Amino acid sequence: MVRLLLVISMNLAALYHVSDYNCTQVQSDGSILIRLKTSSEDNIKEINLIHGDPFLGINSDEGNWNWVKYTETMEFLGKGEFHSYYQIIVKPKYKRIRYFFEIISEEGTIFFGEKGITANQEVTEDNFFGFSYPYIHLSDGYIPPSWLKKTIWYQIFPDRFYNGDPSNNQENVVKWNSILPKSNTFFGGDLKGIIQKLDYLQELGIRGIYLNPIFKSPSTHKYDTDDYYQIDSHFGTKDDLINLVKEAHKRNIKVILDAVFNHTSPDFFAFKDVLINQDKSKYKDWFFIKKFPISLDDKEINYETFAFVRKMPKINVDNKEVANYLIDVAKYWIKEANIDGFRVDVANEQPHQFYRKLREEIKKVKGDAVLIAESWSNSSIWLYGDQFDSVMNYLFTNLIVDFIVKKGLDSQTFVRKYIDVLNTYPLTTSKNLFNLLDSHDTQRIMTLCNNDLDLVKLSYTLLFTFIGTPCLYYGGEIGLEGKDDPDCRRCMIWDESKWNQPLNKFIKELIKIRNKYSDVFVDGKLDIKEKDELIIIKREYDNKVITTYLSISNYLKINPNDEILIKDNKLLMVITYL
């Protein structure tokens with residue numbers, strides 16, 4: 001007890017580890033990643049993992065059983081705003097592990113296990129003091145498709161990308177880029193238009209296309225689905241989608257679709273039946289009806305919706321018929337068009353059991369198909385390996401906006417928050433995150449930065465050097481502007497004389513570097529620090545180190561001896577060969 005008092009100055013309440021998916025993650029080779037959080041204010045010198053098989057010991061001459069244990073030093077990942085992060089990967093010989101942490105500080109040493117905290121090492125010899133992972137099953141691991149972490153994404157809002165077939169235009173289509181879009185403005189973009197621009201995307205260096213919804217719907221955004229089995233006629237046909245995927249695959253580009261499995265339109269067959277037959281409808285339990293009768297005209301909405309949008313009735317996937325229907329939809333499009341997966345809209349509003357079944361079923365059809373969730377907050381619970389492969393990383397988006405755009409953080413605070421975001425998920429998960437600066441739901445980064453090219457370049461540099469897969473929202477590479485929806489959904493500009501050429505050249509260079517040194521950016525260790533308001537980000541892998549220097553307030557005055565990859569007003573990227 002006396003020894004524990006010596007280290008009581010440590011913030012013991014900040015110690016955090018439990019044997020769950022977020023702190024202990026099974027890896028594809030049968031090893032296990034173990035993470036620990038401590039207070040960022042503690043003066044810790046070193047943390048060791050003491051571990052062994054719970055059943056392996058040696059009998060002493062006195063007849064006592066002594067546990068066979070090993071000691072390995074954990075890797076320090078950095079200091080966040082309130083926590084410091086440590087991790088280690090170990091591979092138990094017999095697929096079982098019991099472990100605890102030896103925390104060495106300037107004041108002394110303590111041991112942290114499932115039973116609590118002690119300064120008495122003899123207590124740790126109790127086989128039940130430590131945490132336990134009883135048996136490692138690969139099926140419990142987070143093992144996404146290998147192609148995902150290598151992807152550079154390009155998000156396309158179909159009506160606004162390119163009109164490749166004017167014959168399928170709606171009667172009310174307006175001339176391309178002739179006006180700023182309103183919520184009900186149609187410009188005629190379609191699937192053939194995307195096909196015709198695949199060479200453009202290939203030359204840009206894109207490896208994945210994320211399409212906003214393309215199924216039959218009355219709106220421009222198509223998030224109110226009439227028919228999940230029909231391509232909207234103004235976008236084309238099923239054959240057009242099949243051809244798009246086929247041609248994209250020829251160019252080593254994956255294609256994922258938007259799955260709107262949270263709500264439908266009022267013209268969805270099941271909801272139409274409820275409107276007609278009311279409480280006699282066989283589909284009444286497909287939705288969340290508060291009371292009958294229901295109507296699209298009543299002042300009170302007697303059914304649950306997405307947000308409070310009357311024309312987006314929320315669908316009940318706890319109903320097995322509904323779940324099976326939507327899962328069959330997903331399987332159908334993978335089978336028919338060979339798409340590579342789905343981005344799932346409003347994913348965090350539906351139950352986990354639905355996504356577990358959805359994942360299981362689509363993986364049977366195409367083993368390397370992906371599921372990417374739309375979620376704007378911490379999404380750990382969706383990323384245990386049994387539901388989603390990735391998530392739209394708005395946590396990182398918001399951090400960049402707070403730092404670069406709003407200037408609400410100083411450089412030191414930014415670095416600490418960056419480390420927090422970096423360690424929100426285990427490393428294996430983070431490599432597959434869908435990172436973005438803007439989307440169809442946000443203001444465009446060019447507008448957010450008030451057309452300040454330096455700030456836009458800094459934002460894209462942070463995006464492309466972070467762990468995970470970067471995504472360009474169509475037109476971002478040419479400086480397309482746009483305020484909140486619907487203005488952020490302007491038409492793509494194909495007249496190159498109207499492009500922001502300096503930005504376009506810069507984005508092409510970033511993509512080229514990312515693809516050329518993919519080993520560094522995909523699997524390389526990331527280290528970030530701040531010095532005199534200068535942000536320094538290092539990515540290291542094998543014998544290569546790529547170092548990026550960024551300054552939000554001053555122009556850089558660095559003359560490196562290393563090979564320069566990019567040099568601009570407020571940023572510099574160099575590569576060193578060790």
# chains A, B, ... in the order shown; residues from 1 in each chain; ligands from 1

call {"tool": "select_by_dssp", "arguments": {"residues": "range 359-500 of chain A", "states": "strand (DSSP E)", "output": "PyMOL selection string"}}
result
chain A and resi 370-373+390-391+434-436+469-473

call {"tool": "write_last_selection", "arguments": {"atoms": "N, CA, C and O atoms", "output": "PDB file, in the first residue's frame"}}
result
ATOM      1  N   VAL A 370     -17.716  -4.324 -50.050  1.00  0.00           N
ATOM      2  CA  VAL A 370     -17.551  -3.526 -48.833  1.00  0.00           C
ATOM      3  C   VAL A 370     -18.868  -2.894 -48.409  1.00  0.00           C
ATOM      4  O   VAL A 370     -19.769  -2.669 -49.223  1.00  0.00           O
ATOM      5  N   LEU A 371     -18.948  -2.607 -47.128  1.00  0.00           N
ATOM      6  CA  LEU A 371     -20.029  -1.821 -46.560  1.00  0.00           C
ATOM      7  C   LEU A 371     -19.408  -0.628 -45.842  1.00  0.00           C
ATOM      8  O   LEU A 371     -18.569  -0.800 -44.949  1.00  0.00           O
ATOM      9  N   ILE A 372     -19.800   0.572 -46.246  1.00  0.00           N
ATOM     10  CA  ILE A 372     -19.290   1.800 -45.640  1.00  0.00           C
ATOM     11  C   ILE A 372     -20.463   2.550 -45.038  1.00  0.00           C
ATOM     12  O   ILE A 372     -21.468   2.795 -45.699  1.00  0.00           O
ATOM     13  N   ALA A 373     -20.346   2.912 -43.778  1.00  0.00           N
ATOM     14  CA  ALA A 373     -21.454   3.540 -43.057  1.00  0.00           C
ATOM     15  C   ALA A 373     -21.380   5.056 -43.131  1.00  0.00           C
ATOM     16  O   ALA A 373     -20.301   5.638 -43.064  1.00  0.00           O
ATOM     17  N   SER A 390     -15.977   0.157 -43.073  1.00  0.00           N
ATOM     18  CA  SER A 390     -15.454   1.519 -42.978  1.00  0.00           C
ATOM     19  C   SER A 390     -16.593   2.464 -42.621  1.00  0.00           C
ATOM     20  O   SER A 390     -17.768   2.082 -42.602  1.00  0.00           O
ATOM     21  N   VAL A 391     -16.227   3.708 -42.361  1.00  0.00           N
ATOM     22  CA  VAL A 391     -17.214   4.735 -42.035  1.00  0.00           C
ATOM     23  C   VAL A 391     -16.745   6.059 -42.622  1.00  0.00           C
ATOM     24  O   VAL A 391     -15.542   6.298 -42.757  1.00  0.00           O
ATOM     25  N   PHE A 434     -13.078   6.125 -44.529  1.00  0.00           N
ATOM     26  CA  PHE A 434     -13.440   6.919 -45.700  1.00  0.00           C
ATOM     27  C   PHE A 434     -13.301   8.386 -45.305  1.00  0.00           C
ATOM     28  O   PHE A 434     -14.198   8.965 -44.702  1.00  0.00           O
ATOM     29  N   ASN A 435     -12.142   8.990 -45.611  1.00  0.00           N
ATOM     30  CA  ASN A 435     -11.831  10.349 -45.174  1.00  0.00           C
ATOM     31  C   ASN A 435     -12.259  11.359 -46.234  1.00  0.00           C
ATOM     32  O   ASN A 435     -12.028  11.154 -47.430  1.00  0.00           O
ATOM     33  N   LEU A 436     -12.830  12.474 -45.801  1.00  0.00           N
ATOM     34  CA  LEU A 436     -13.359  13.455 -46.741  1.00  0.00           C
ATOM     35  C   LEU A 436     -13.289  14.857 -46.168  1.00  0.00           C
ATOM     36  O   LEU A 436     -13.255  15.049 -44.950  1.00  0.00           O
ATOM     37  N   THR A 469      -8.512   6.193 -46.370  1.00  0.00           N
ATOM     38  CA  THR A 469      -8.667   6.375 -47.813  1.00  0.00           C
ATOM     39  C   THR A 469      -9.269   7.746 -48.096  1.00  0.00           C
ATOM     40  O   THR A 469     -10.379   8.046 -47.663  1.00  0.00           O
ATOM     41  N   PRO A 470      -8.568   8.610 -48.838  1.00  0.00           N
ATOM     42  CA  PRO A 470      -9.081   9.950 -49.122  1.00  0.00           C
ATOM     43  C   PRO A 470     -10.161   9.923 -50.200  1.00  0.00           C
ATOM     44  O   PRO A 470     -10.125   9.104 -51.118  1.00  0.00           O
ATOM     45  N   CYS A 471     -11.115  10.823 -50.074  1.00  0.00           N
ATOM     46  CA  CYS A 471     -12.179  10.943 -51.082  1.00  0.00           C
ATOM     47  C   CYS A 471     -12.268  12.373 -51.582  1.00  0.00           C
ATOM     48  O   CYS A 471     -12.300  13.321 -50.792  1.00  0.00           O
ATOM     49  N   LEU A 472     -12.331  12.520 -52.908  1.00  0.00           N
ATOM     50  CA  LEU A 472     -12.616  13.798 -53.543  1.00  0.00           C
ATOM     51  C   LEU A 472     -14.102  13.857 -53.872  1.00  0.00           C
ATOM     52  O   LEU A 472     -14.642  12.921 -54.473  1.00  0.00           O
ATOM     53  N   TYR A 473     -14.763  14.917 -53.479  1.00  0.00           N
ATOM     54  CA  TYR A 473     -16.134  15.162 -53.918  1.00  0.00           C
ATOM     55  C   TYR A 473     -16.037  15.788 -55.294  1.00  0.00           C
ATOM     56  O   TYR A 473     -15.284  16.749 -55.495  1.00  0.00           O
TER      57      TYR A 473
END

call {"tool": "residues_around", "arguments": {"residues": "Gly116 in chain A", "least_positions_apart": "4", "cutoff": "10 Å", "atoms": "only C-alpha atoms", "output": "list in words"}}
result
Phe100, Phe111, Phe112, Phe129, Gly130 and Phe131 of chain A

call {"tool": "write_last_selection", "arguments": {"atoms": "N, CA and C atoms", "output": "mmCIF file, in the first residue's frame"}}
result
data_model
loop_
_atom_site.group_PDB
_atom_site.id
_atom_site.type_symbol
_atom_site.label_atom_id
_atom_site.label_comp_id
_atom_site.auth_asym_id
_atom_site.auth_seq_id
_atom_site.Cartn_x
_atom_site.Cartn_y
_atom_site.Cartn_z
ATOM 1 N N PHE A 100 -1.497 -8.233 -18.281
ATOM 2 C CA PHE A 100 -1.712 -7.007 -17.517
ATOM 3 C C PHE A 100 -0.619 -6.022 -17.900
ATOM 4 N N PHE A 111 0.878 -1.783 -11.480
ATOM 5 C CA PHE A 111 0.409 -2.834 -12.381
ATOM 6 C C PHE A 111 -1.111 -2.699 -12.511
ATOM 7 N N PHE A 112 -1.596 -2.784 -13.732
ATOM 8 C CA PHE A 112 -3.007 -2.580 -14.024
ATOM 9 C C PHE A 112 -3.567 -3.840 -14.673
ATOM 10 N N PHE A 129 -5.584 -12.013 -11.999
ATOM 11 C CA PHE A 129 -5.404 -10.564 -11.869
ATOM 12 C C PHE A 129 -5.523 -9.889 -13.232
ATOM 13 N N GLY A 130 -4.975 -10.508 -14.244
ATOM 14 C CA GLY A 130 -4.883 -9.878 -15.551
ATOM 15 C C GLY A 130 -6.172 -9.922 -16.354
ATOM 16 N N PHE A 131 -6.133 -9.203 -17.465
ATOM 17 C CA PHE A 131 -7.207 -9.274 -18.455
ATOM 18 C C PHE A 131 -7.066 -10.579 -19.228
#

call {"tool": "residues_around", "arguments": {"residues": "Pro145 in chain A", "least_positions_apart": "4", "cutoff": "12 Å", "atoms": "only C-alpha atoms", "output": "ChimeraX atom specification"}}
result
/A:28,149-151,340-341,363,366-372,385,388-390,428-429,431-432

call {"tool": "write_last_selection", "arguments": {"atoms": "all heavy atoms", "output": "short mmCIF file (atom, residue, chain, number, x, y, z; two decimals), in the first residue's frame"}}
result
data_model
loop_
_atom_site.label_atom_id
_atom_site.label_comp_id
_atom_site.auth_asym_id
_atom_site.auth_seq_id
_atom_site.Cartn_x
_atom_site.Cartn_y
_atom_site.Cartn_z
N SER A 28 -5.47 -10.37 -38.97
CA SER A 28 -5.68 -11.41 -39.98
C SER A 28 -4.71 -12.58 -39.85
O SER A 28 -4.99 -13.68 -40.35
CB SER A 28 -5.57 -10.81 -41.38
OG SER A 28 -4.30 -10.22 -41.58
N LYS A 149 -8.09 -0.36 -48.40
CA LYS A 149 -7.16 0.61 -47.82
C LYS A 149 -6.28 1.29 -48.86
O LYS A 149 -5.63 2.30 -48.56
CB LYS A 149 -6.29 -0.07 -46.76
CG LYS A 149 -5.35 -1.14 -47.31
CD LYS A 149 -4.55 -1.79 -46.18
CE LYS A 149 -3.59 -2.85 -46.71
NZ LYS A 149 -2.81 -3.48 -45.63
N LYS A 150 -6.27 0.77 -50.09
CA LYS A 150 -5.44 1.35 -51.15
C LYS A 150 -6.22 2.30 -52.06
O LYS A 150 -5.68 2.81 -53.04
CB LYS A 150 -4.85 0.22 -51.99
CG LYS A 150 -4.01 -0.77 -51.20
CD LYS A 150 -3.58 -1.94 -52.06
CE LYS A 150 -2.83 -2.99 -51.24
NZ LYS A 150 -2.47 -4.18 -52.06
N THR A 151 -7.48 2.55 -51.73
CA THR A 151 -8.37 3.27 -52.64
C THR A 151 -8.32 4.78 -52.45
O THR A 151 -8.29 5.28 -51.32
CB THR A 151 -9.82 2.79 -52.44
OG1 THR A 151 -9.87 1.37 -52.59
CG2 THR A 151 -10.76 3.44 -53.45
N ASP A 340 -19.17 -3.20 -56.22
CA ASP A 340 -18.18 -3.57 -55.21
C ASP A 340 -18.61 -3.27 -53.78
O ASP A 340 -17.80 -3.37 -52.86
CB ASP A 340 -16.86 -2.85 -55.52
CG ASP A 340 -16.34 -3.24 -56.90
OD1 ASP A 340 -15.94 -4.39 -57.07
OD2 ASP A 340 -16.38 -2.38 -57.81
N GLY A 341 -19.88 -2.93 -53.62
CA GLY A 341 -20.38 -2.71 -52.28
C GLY A 341 -21.30 -1.51 -52.19
O GLY A 341 -21.77 -0.98 -53.21
N LYS A 363 -21.51 -10.88 -48.43
CA LYS A 363 -20.19 -11.51 -48.53
C LYS A 363 -20.29 -12.89 -49.17
O LYS A 363 -19.33 -13.38 -49.76
CB LYS A 363 -19.54 -11.61 -47.15
CG LYS A 363 -19.24 -10.28 -46.49
CD LYS A 363 -18.10 -9.54 -47.14
CE LYS A 363 -17.75 -8.27 -46.37
NZ LYS A 363 -16.61 -7.53 -46.94
N LYS A 366 -20.32 -11.85 -52.92
CA LYS A 366 -19.03 -11.32 -53.36
C LYS A 366 -18.18 -11.05 -52.13
O LYS A 366 -18.42 -10.11 -51.37
CB LYS A 366 -19.24 -10.02 -54.16
CG LYS A 366 -17.98 -9.50 -54.84
CD LYS A 366 -18.31 -8.34 -55.79
CE LYS A 366 -17.06 -7.93 -56.58
NZ LYS A 366 -17.37 -6.86 -57.56
N GLY A 367 -17.20 -11.91 -51.95
CA GLY A 367 -16.43 -11.90 -50.71
C GLY A 367 -15.72 -10.60 -50.41
O GLY A 367 -15.53 -10.25 -49.24
N ASP A 368 -15.31 -9.86 -51.44
CA ASP A 368 -14.57 -8.62 -51.19
C ASP A 368 -15.43 -7.37 -51.39
O ASP A 368 -14.91 -6.27 -51.56
CB ASP A 368 -13.32 -8.55 -52.06
CG ASP A 368 -13.61 -8.43 -53.55
OD1 ASP A 368 -14.78 -8.64 -53.94
OD2 ASP A 368 -12.68 -8.12 -54.32
N ALA A 369 -16.76 -7.54 -51.36
CA ALA A 369 -17.64 -6.37 -51.37
C ALA A 369 -17.53 -5.65 -50.03
O ALA A 369 -17.29 -6.26 -49.00
CB ALA A 369 -19.08 -6.80 -51.62
N VAL A 370 -17.72 -4.32 -50.05
CA VAL A 370 -17.55 -3.53 -48.83
C VAL A 370 -18.87 -2.89 -48.41
O VAL A 370 -19.77 -2.67 -49.22
CB VAL A 370 -16.50 -2.41 -49.01
CG1 VAL A 370 -15.15 -2.99 -49.35
CG2 VAL A 370 -16.94 -1.40 -50.06
N LEU A 371 -18.95 -2.61 -47.13
CA LEU A 371 -20.03 -1.82 -46.56
C LEU A 371 -19.41 -0.63 -45.84
O LEU A 371 -18.57 -0.80 -44.95
CB LEU A 371 -20.85 -2.64 -45.57
CG LEU A 371 -21.83 -3.67 -46.15
CD1 LEU A 371 -22.48 -4.46 -45.02
CD2 LEU A 371 -22.91 -2.98 -46.98
N ILE A 372 -19.80 0.57 -46.25
CA ILE A 372 -19.29 1.80 -45.64
C ILE A 372 -20.46 2.55 -45.04
O ILE A 372 -21.47 2.79 -45.70
CB ILE A 372 -18.57 2.68 -46.68
CG1 ILE A 372 -17.37 1.91 -47.28
CG2 ILE A 372 -18.11 3.99 -46.06
CD1 ILE A 372 -16.67 2.64 -48.40
N GLY A 385 -16.02 -5.52 -37.09
CA GLY A 385 -15.71 -6.57 -38.06
C GLY A 385 -16.91 -7.41 -38.43
O GLY A 385 -16.84 -8.22 -39.36
N PHE A 388 -19.72 -3.17 -40.50
CA PHE A 388 -19.18 -2.34 -41.58
C PHE A 388 -17.67 -2.50 -41.71
O PHE A 388 -16.97 -2.78 -40.75
CB PHE A 388 -19.54 -0.87 -41.33
CG PHE A 388 -21.00 -0.57 -41.55
CD1 PHE A 388 -21.89 -0.61 -40.49
CD2 PHE A 388 -21.48 -0.27 -42.81
CE1 PHE A 388 -23.23 -0.35 -40.68
CE2 PHE A 388 -22.83 -0.01 -43.01
CZ PHE A 388 -23.70 -0.06 -41.95
N ASP A 389 -17.21 -2.26 -42.94
CA ASP A 389 -15.77 -2.26 -43.21
C ASP A 389 -15.15 -0.89 -42.96
O ASP A 389 -13.95 -0.78 -42.71
CB ASP A 389 -15.50 -2.66 -44.67
CG ASP A 389 -15.99 -4.06 -44.98
OD1 ASP A 389 -15.41 -5.01 -44.43
OD2 ASP A 389 -16.94 -4.21 -45.76
N SER A 390 -15.98 0.16 -43.07
CA SER A 390 -15.45 1.52 -42.98
C SER A 390 -16.59 2.46 -42.62
O SER A 390 -17.77 2.08 -42.60
CB SER A 390 -14.82 1.93 -44.32
OG SER A 390 -14.30 3.25 -44.25
N THR A 428 -5.76 -1.00 -37.49
CA THR A 428 -6.23 -1.80 -38.61
C THR A 428 -7.51 -1.22 -39.18
O THR A 428 -7.72 -1.19 -40.40
CB THR A 428 -6.48 -3.25 -38.18
OG1 THR A 428 -5.38 -3.70 -37.41
CG2 THR A 428 -6.66 -4.16 -39.38
N THR A 429 -8.38 -0.75 -38.32
CA THR A 429 -9.62 -0.12 -38.75
C THR A 429 -9.35 1.21 -39.42
O THR A 429 -9.92 1.52 -40.47
CB THR A 429 -10.55 0.09 -37.54
OG1 THR A 429 -10.75 -1.16 -36.88
CG2 THR A 429 -11.89 0.65 -37.97
N LYS A 431 -6.97 2.30 -41.13
CA LYS A 431 -6.41 2.24 -42.49
C LYS A 431 -7.49 2.21 -43.57
O LYS A 431 -7.21 2.47 -44.73
CB LYS A 431 -5.53 0.99 -42.63
CG LYS A 431 -4.22 1.06 -41.87
CD LYS A 431 -3.41 -0.21 -42.09
CE LYS A 431 -2.09 -0.15 -41.34
NZ LYS A 431 -1.27 -1.38 -41.54
N ASN A 432 -8.72 1.90 -43.18
CA ASN A 432 -9.79 1.75 -44.16
C ASN A 432 -10.86 2.83 -44.05
O ASN A 432 -11.88 2.77 -44.76
CB ASN A 432 -10.44 0.38 -43.99
CG ASN A 432 -9.45 -0.75 -44.21
OD1 ASN A 432 -9.14 -1.11 -45.32
ND2 ASN A 432 -8.94 -1.31 -43.12
#

call {"tool": "select_by_dssp", "arguments": {"residues": "range 297-490 of chain A", "states": "helix (DSSP H, G or I)", "output": "MDAnalysis selection string"}}
result
chainID A and resid 320:337 347:349 352:365 380:382 394:405 411:422 427:430 445:448 453:465 476:478 487:489

call {"tool": "closest_residue", "arguments": {"among": "A:Thr397, A:Gln87, A:Asn338, A:Thr465", "to": "Asp523 in chain A", "atoms": "only C-alpha atoms"}}
result
A:Thr465
